[in-house]
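Notes follow the structure.
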Number of protein chains: 2
Amino acid sequence: MFEAAEIGAKIAKPDYEAALPELRANLINAQFDLAKADFPVLLLLAGDDRVGCNEILNILHEWLDARFLRTSVFGSMNEEEEQQPRFWRLWRALPGRGELGIFAGSWATELIAGKLREQTTDAQFDQYCAHLCGLEKLLAADGALVLKFWIHLPKQELDRRVKKADKRKGRRSWQIGKADRRILEHYDAALPWMRRFLRLTDSGETPWTIVEGSDDRHRNLLVARTLLEQLGKQLAARAVAPAPAAPVRRPKGAQHKTEASVLDGVDLESRLDDEEYQARLAELQGRLHRRVDRARKQGITSVLAFEGWDAAGKGGVIRRITGALDAGEYHLVPIAAPTDEERAHHYLWRFWRRLPRPGEVVIFDRSWYGRVLVERVEGFAPEADWRRAYEEINDFESHLVERGFVLQKFWLHIDREEQLRRFAEREKTPYKKYKITDEDRRNRERWDDYVSALDDMVAHTSTDIAPWQLVPANDKRFARIAVLDAICEALARQLG
Amino acid sequence: MFEAAEIGAKIAKPDYEAALPELRANLINAQFDLAKADFPVLLLLAGDDRVGCNEILNILHEWLDARFLRTSVFGSMNEEEEQQPRFWRLWRALPGRGELGIFAGSWATELIAGKLREQTTDAQFDQYCAHLCGLEKLLAADGALVLKFWIHLPKQELDRRVKKADKRKGRRSWQIGKADRRILEHYDAALPWMRRFLRLTDSGETPWTIVEGSDDRHRNLLVARTLLEQLGKQLAARAVAPAPAAPVRRPKGAQHKTEASVLDGVDLESRLDDEEYQARLAELQGRLHRRVDRARKQGITSVLAFEGWDAAGKGGVIRRITGALDAGEYHLVPIAAPTDEERAHHYLWRFWRRLPRPGEVVIFDRSWYGRVLVERVEGFAPEADWRRAYEEINDFESHLVERGFVLQKFWLHIDREEQLRRFAEREKTPYKKYKITDEDRRNRERWDDYVSALDDMVAHTSTDIAPWQLVPANDKRFARIAVLDAICEALARQLG
């Protein structure tokens, strides 16, 4: 879920300053429209970037009309709050219809700190998340616009800032404090719990927007533009005011971007020469064979899902896997258009029915992620459906992981030039020609829409229990080895 | 939740036989309309009445066209099923759009049996319920009509049947078997877990219908009519077919009734003579005073909610409570029309903000149940809102109980004649005259609508953690003593 918030997205100062006047005017106007509207806006501000949360809070007070703002900062609970029902203090501070309420505070980080101090069981942690998400959904069902921002600072950036503060001790080092040093110290231990928290509180009605805090300008614009856009949408949907003139330059439904994509972080220069490839392939295929064998005997089931650009080489990767297995050990399930029967069911049904028997391996060539990729981009699924799908998919995957399944999901990434080159090559190779269809060409035109969809997919479904693996595949050899290696490692972890 | 299913509702044989031809024709027609529709129907059949579940299953197969029926009976899980992700077998058996699927089986009773055998922790129990409810909601969000029936047999009726079967051993006693004797044996231990299961899996999108199994004819008609009506509604909403000619004779939204109401079980003949009343009043007020005092010192908070017919005597009851308390110990919160500020928030907000400080008592004269009573009956809240409210209210109350609050909720019940008598009396008593308004008179006309709303309210919100107390109040003295006694007992339980 943090992948897209660790790519060093930046906004140059001149671009930032050019964007501000219009943005600030639009924010104020949207706030006025909201005042007449019949719903409240609740903006939740949380994250591991303590300083960033504070700065955003201040910026929002600067940019918005503070008269119509209700801000509540929740610190540690006092004794009375501890004795009150859970979320009592949140309930009391809720904004009313027409108001914009900002909740900032440490309920998430305190929950996670409690987990690290072993004061909280897993079940209590999960229950807290379920209650919190339940409260947010209850408000959304009542018409509230619930916007949730998690400000995230990659570890090396926090580390850099702490070191920098150490150097200029005494001079302006007040911003980075003891609390941040504590965050840095427990960063690795806290990370899985942050991801679990985000997974369990992410929903179609009240999704998280994960914001990288490394660059102030990127951070500020992303939060403000998301607020502006979602508010504009809700105002339009409620038809109380005309949609404000928010500068919307992106495909429908996508999370707001400041250019950068999580795919930018995939190093497409990764290569393997043929000699090393052949050696590693033989070694990994042998290892895979043995581990799948042991898994079968122990009843450990594996589910492998492959997604990727057209011509990214999914077929070749999959053949290198199946080549190492006995025919009876695995099922290969290519996912094309659903059958009539499949179409008659919930979209997850076709995957549930193809789950393997205990100890088997199933390989999905394309997967349940079609819902949030092709179905979203092509408009086959209405927005409400694909938005809800992130939560449904996370639930689905958690059920598999709970039973001890090995679950691995791969996105094979190539760039547009490489894709074009491969298309051209296929046209020249008679036996590969059938692989290019007009649809492939049309899909290329949708490249940017797919990038948006991919970024959202990774933001919402690359979870603690089932992270996405974005595999550089401009070099087919590198991709095949990377995937085989990942599967072997995952099996080893489960075999113990 | 079982209150309305323990009142011995009956249908006479001639009425039953007169109703059947039309009902069966309508069922078959609705099934044909469904075949052309774009959604599936999933009918879940569960309950403590094992024989009843089987009989309903057979009746449905007799009345419906079995060609378009997909029935799955889930017994104990086999070894493979145990290793698959939770609900794997349910997923695989789901009906497709246009199909009617019936799931019968023991997933609930096995869960509860596991709890009684102490194989399951509370957290695991709750998580199972949350997962199950999540699956049902996921299907509903996808358009499925999910109908859930819990067939309930009151303990004395099961006891009677078991004894009867014992008598005619050897002769047709096959119906009542070992399994039913086991249910009887563990009935009291299982009851709170059944109620917890029902509370945690009851939702606005997928509500339970609790069906009393004592009378076959009542049971069969209630299930079939509910199916027919909900299916008709969904077909109409999806505009695939005209609403079928289902015999709908009841106010919009109410659960299907076969005449009887949970209020019929309230013994309005209950009386106390004045002497006994005075003695008990003095005794109970003293006891209440002492217990509230101890609760205050221990930080135990009390929330008392009063609902009831107009002129049922809520004010008089409340005065007998407050008369026993010091002014600083309690808050009395009369709930009238919401203020502007309250209207600007979620309807539960006004109650959250009035929750007492630790150790205090708050008395709500009318309560959050207005949502599912007056707001429903008067049409102030759209159906989707009040249907969702049952779950929201159960959540709200569970948060209070979780923190150790004493939560008591009372419905003061009088009959129409008594109400009329009291209205007439008020007109004669000058200082009481202001209490009757035109609205009171209009409300009387809505009596039957309120009875429907009350039955649904009790079915969905009289839970294991916060049961409703339906207090006979034709005799004011009896009602006052009953309420004082209940509060004293509840305090005693919490004081330990």
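So you can find residues: chains in the structure tokens are A, B, ... in the order shown, residues in each start at 1, and ligands are numbered from 1 in order.
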
Skip Ala123 (chain B) itself and residues of its chain fewer than 6 positions away, then list as a short mmCIF file (atom, residue, chain, number, x, y, z; two decimals) with N, CA and C atoms, in the first residue's frame all residues within 10 Å of it, counting only C-alpha atoms.
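Final file, selection.cif:
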data_model
loop_
_atom_site.label_atom_id
_atom_site.label_comp_id
_atom_site.auth_asym_id
_atom_site.auth_seq_id
_atom_site.Cartn_x
_atom_site.Cartn_y
_atom_site.Cartn_z
N ASP A 122 -3.88 -9.71 18.60
CA ASP A 122 -4.23 -9.57 17.18
C ASP A 122 -5.73 -9.36 17.01
N ALA A 123 -6.50 -10.16 17.76
CA ALA A 123 -7.95 -10.07 17.61
C ALA A 123 -8.46 -8.70 18.04
N GLN A 124 -7.87 -8.14 19.11
CA GLN A 124 -8.29 -6.80 19.56
C GLN A 124 -7.91 -5.75 18.51
N ASP A 126 -7.61 -6.22 15.28
CA ASP A 126 -8.52 -6.34 14.15
C ASP A 126 -9.90 -5.80 14.48
N GLN A 127 -10.33 -6.05 15.71
CA GLN A 127 -11.66 -5.58 16.10
C GLN A 127 -11.71 -4.05 16.12
N CYS B 129 -18.69 -14.58 12.59
CA CYS B 129 -19.94 -13.87 12.30
C CYS B 129 -19.70 -12.69 11.36
#

May I have a table of the residues of chain B lying at most 6 Å from chain A, giving each one's closest pair of atoms and their distance in Å to one decimal, counting only C-alpha atoms, ordered by chain and ascending residue number, as CSV?
residue,atom,partner,partner_atom,distance
B:Pro85,CA,A:Leu400,CA,5.3
B:Arg92,CA,A:Arg353,CA,5.4
B:Gly96,CA,A:Ala344,CA,4.7
B:Arg97,CA,A:Ala344,CA,4.8
B:Ala344,CA,A:Arg97,CA,4.7
B:His345,CA,A:Gly96,CA,4.8
B:Arg353,CA,A:Arg92,CA,5.4
B:His399,CA,A:Pro85,CA,5.3
B:Leu400,CA,A:Pro85,CA,5.3
B:Arg403,CA,A:Pro85,CA,5.6

How about saving the chosen residues, N, CA and C atoms kept, as a compact mmCIF listing (two decimals), in the first residue's frame?
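The resulting file, again-v2.txt, is shown below:
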# COMPACT_ATOMS: atom_id res chain seq x y z
N PRO B 85 -10.28 -22.31 2.26
CA PRO B 85 -10.62 -21.05 2.91
C PRO B 85 -12.06 -21.07 3.41
N ARG B 92 -18.90 -21.95 -3.72
CA ARG B 92 -19.03 -22.82 -4.88
C ARG B 92 -20.47 -23.15 -5.20
N GLY B 96 -26.76 -18.58 -9.51
CA GLY B 96 -26.47 -17.53 -10.48
C GLY B 96 -27.66 -16.61 -10.65
N ARG B 97 -27.45 -15.53 -11.39
CA ARG B 97 -28.56 -14.60 -11.63
C ARG B 97 -29.73 -15.34 -12.27
N ALA B 344 -28.41 18.27 11.77
CA ALA B 344 -27.27 18.40 10.86
C ALA B 344 -26.28 17.24 11.01
N HIS B 345 -26.54 16.35 11.96
CA HIS B 345 -25.61 15.24 12.19
C HIS B 345 -26.31 13.91 11.96
N ARG B 353 -23.65 12.44 22.20
CA ARG B 353 -23.23 13.63 22.93
C ARG B 353 -23.88 13.72 24.31
N HIS B 399 -21.08 -0.95 21.89
CA HIS B 399 -19.97 -0.12 22.38
C HIS B 399 -20.18 0.28 23.85
N LEU B 400 -21.42 0.55 24.20
CA LEU B 400 -21.71 0.91 25.61
C LEU B 400 -21.47 -0.30 26.52
N ARG B 403 -17.95 -1.31 27.40
CA ARG B 403 -17.28 -0.52 28.43
C ARG B 403 -17.89 -0.75 29.80

Do you know which residues are at most 7 Å from Leu268 (chain A) counting only C-alpha atoms, after dropping those on the same chain fewer than 4 positions away, and could you put them as a VMD selection string?
-> chain A and resid 472 to 474

Please report, as an MDAnalysis selection string, each residue of region 211-379 of chain B to which DSSP assigns helix (DSSP H, G or I) when run on this structure's backbone.
-> chainID B and resid 216:238 262:265 274:298 314:322 327:329 340:343 349:352 368:372 374:377

For CA of Ile335 (chain B) and CA of Gln494 (chain B), quote the distance in Å rounded to one decimal.
->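 If I compute the distance from CA of Ile335 (chain B) to CA of Gln494 (chain B), I get 26.7 Å.
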
Looking only at the backbone, which of the residues in region 173-286 of chain B does DSSP tag as strand (DSSP E), as a PyMOL selection string?
-> chain B and resi 208-212

Could the residues in this selection be written to a file with C-alpha atoms, as a short mmCIF file (atom, residue, chain, number, x, y, z; two decimals), in the first residue's frame?
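After the write, again.cif holds the following:
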data_model
loop_
_atom_site.label_atom_id
_atom_site.label_comp_id
_atom_site.auth_asym_id
_atom_site.auth_seq_id
_atom_site.Cartn_x
_atom_site.Cartn_y
_atom_site.Cartn_z
CA TRP B 208 -32.92 -12.11 9.60
CA THR B 209 -36.53 -13.18 9.71
CA ILE B 210 -37.08 -15.11 12.91
CA VAL B 211 -39.81 -17.68 12.44
CA GLU B 212 -41.55 -19.50 15.25
#

Would you work out the distance separating CA of Ser261 (chain A) from CA of Val451 (chain A), expressed in Å to one decimal?
-> 7.2 Å

From the set B:Ile393, B:Leu325, B:Leu272, B:Ala165, which residue has the shortest atom-to-atom contact distance to Ile465 (chain B), counting only C-alpha atoms?
->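 For Ile465 (chain B), the nearest of the candidates is B:Ile393.
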
In Å, with one decimal, what is the gap from CA of Leu60 (chain A) to CA of Gly204 (chain A)?
->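 Interatomic distance, CA of Leu60 (chain A) to CA of Gly204 (chain A): 25.1 Å.
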
Do a neighbour search on region 189-196 of chain A at 7 Å with only C-alpha atoms, toss out local chain neighbours closer than 4 positions, and write the hits as a ChimeraX atom specification.
-> /A:1,112,200,463-464

Produce a file of the selected residues containing C-alpha atoms, as a short mmCIF file (atom, residue, chain, number, x, y, z; two decimals), in the first residue's frame.
data_model
loop_
_atom_site.label_atom_id
_atom_site.label_comp_id
_atom_site.auth_asym_id
_atom_site.auth_seq_id
_atom_site.Cartn_x
_atom_site.Cartn_y
_atom_site.Cartn_z
CA MET A 1 0.00 0.00 0.00
CA ILE A 112 0.08 0.30 16.59
CA LEU A 200 -8.58 -3.46 7.45
CA THR A 463 -1.22 -5.46 1.58
CA ASP A 464 0.67 -6.87 4.52
#

Select, from B:Leu153, B:Ala490, B:Ala282, B:Ile321, the residue with the minimum atom-to-atom distance to Ala5 (chain B), counting only C-alpha atoms.
->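 The closest residue to Ala5 (chain B) is B:Leu153.
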
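You can rank A:Ala486, A:Val266, A:Ala453, A:Ala295 by their closest distance to Leu470 (chain A) using only C-alpha atoms, and at the top of that list sits A:Val266.
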
Could you name the residues that touch region 214-220 of chain B at 9 Å or less, counting only C-alpha atoms, but leaving out those on the same chain fewer than 5 positions away, as a list of chain:residue names?
->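 Contacts, with the query itself left out: B:Ala5, B:Glu6, B:Gly8, B:Ala9, B:Lys10, B:Ile11, B:Ala12, B:Lys13, B:Tyr16, B:Gly52, B:Glu55, B:Ile56, B:Ile59, B:Leu60, B:Ile151, B:His152, B:Leu153, B:Pro154, B:Glu157, B:Leu158, B:Arg225, B:Thr258.
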
Might you pull out every residue within 10 Å of Phe149 (chain A), with only C-alpha atoms counted and same-chain residues fewer than 5 positions away left off, and present them as a ChimeraX atom specification?
-> /A:43-47,53,104,207-211,222-223,226-227

Selected residues written out with C-alpha atoms, as a compact mmCIF listing (two decimals), in the first residue's frame:
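selection.txt was written with the following content:
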# COMPACT_ATOMS: atom_id res chain seq x y z
CA LEU A 43 -11.16 14.71 6.63
CA LEU A 44 -9.07 12.22 8.58
CA LEU A 45 -5.39 12.95 8.78
CA ALA A 46 -3.09 10.26 10.05
CA GLY A 47 0.22 8.70 9.24
CA CYS A 53 0.60 15.69 9.38
CA ALA A 104 -5.97 14.77 13.16
CA PRO A 207 -10.86 4.63 0.80
CA TRP A 208 -7.45 5.73 2.01
CA THR A 209 -5.31 8.09 0.00
CA ILE A 210 -1.68 7.34 0.79
CA VAL A 211 0.42 10.47 0.43
CA LEU A 222 -2.14 15.95 -3.52
CA VAL A 223 -4.16 16.46 -0.36
CA THR A 226 -8.07 15.28 -3.69
CA LEU A 227 -10.20 17.23 -1.24

Could you tell me which of A:Asp159, A:Glu229, A:Asp48, A:Asp33 comes closest to Phe68 (chain A) if we count only C-alpha atoms?
->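 Counting only C-alpha atoms, the residue closest to Phe68 (chain A) is A:Asp33.
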
Just the residues within 6 Å of Gly105 (chain B), please, counting only C-alpha atoms, with nothing from its chain fewer than 6 positions along; format it as a ChimeraX atom specification.
-> /B:73-75

For C-alpha atoms, I'd like the residues from the last selection saved as a short mmCIF file (atom, residue, chain, number, x, y, z; two decimals), in the first residue's frame.
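Wrote it out as result-v6.cif, contents follow:
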data_model
loop_
_atom_site.label_atom_id
_atom_site.label_comp_id
_atom_site.auth_asym_id
_atom_site.auth_seq_id
_atom_site.Cartn_x
_atom_site.Cartn_y
_atom_site.Cartn_z
CA VAL B 73 -27.51 -28.84 2.47
CA PHE B 74 -24.30 -28.27 4.38
CA GLY B 75 -23.46 -30.80 7.04
#
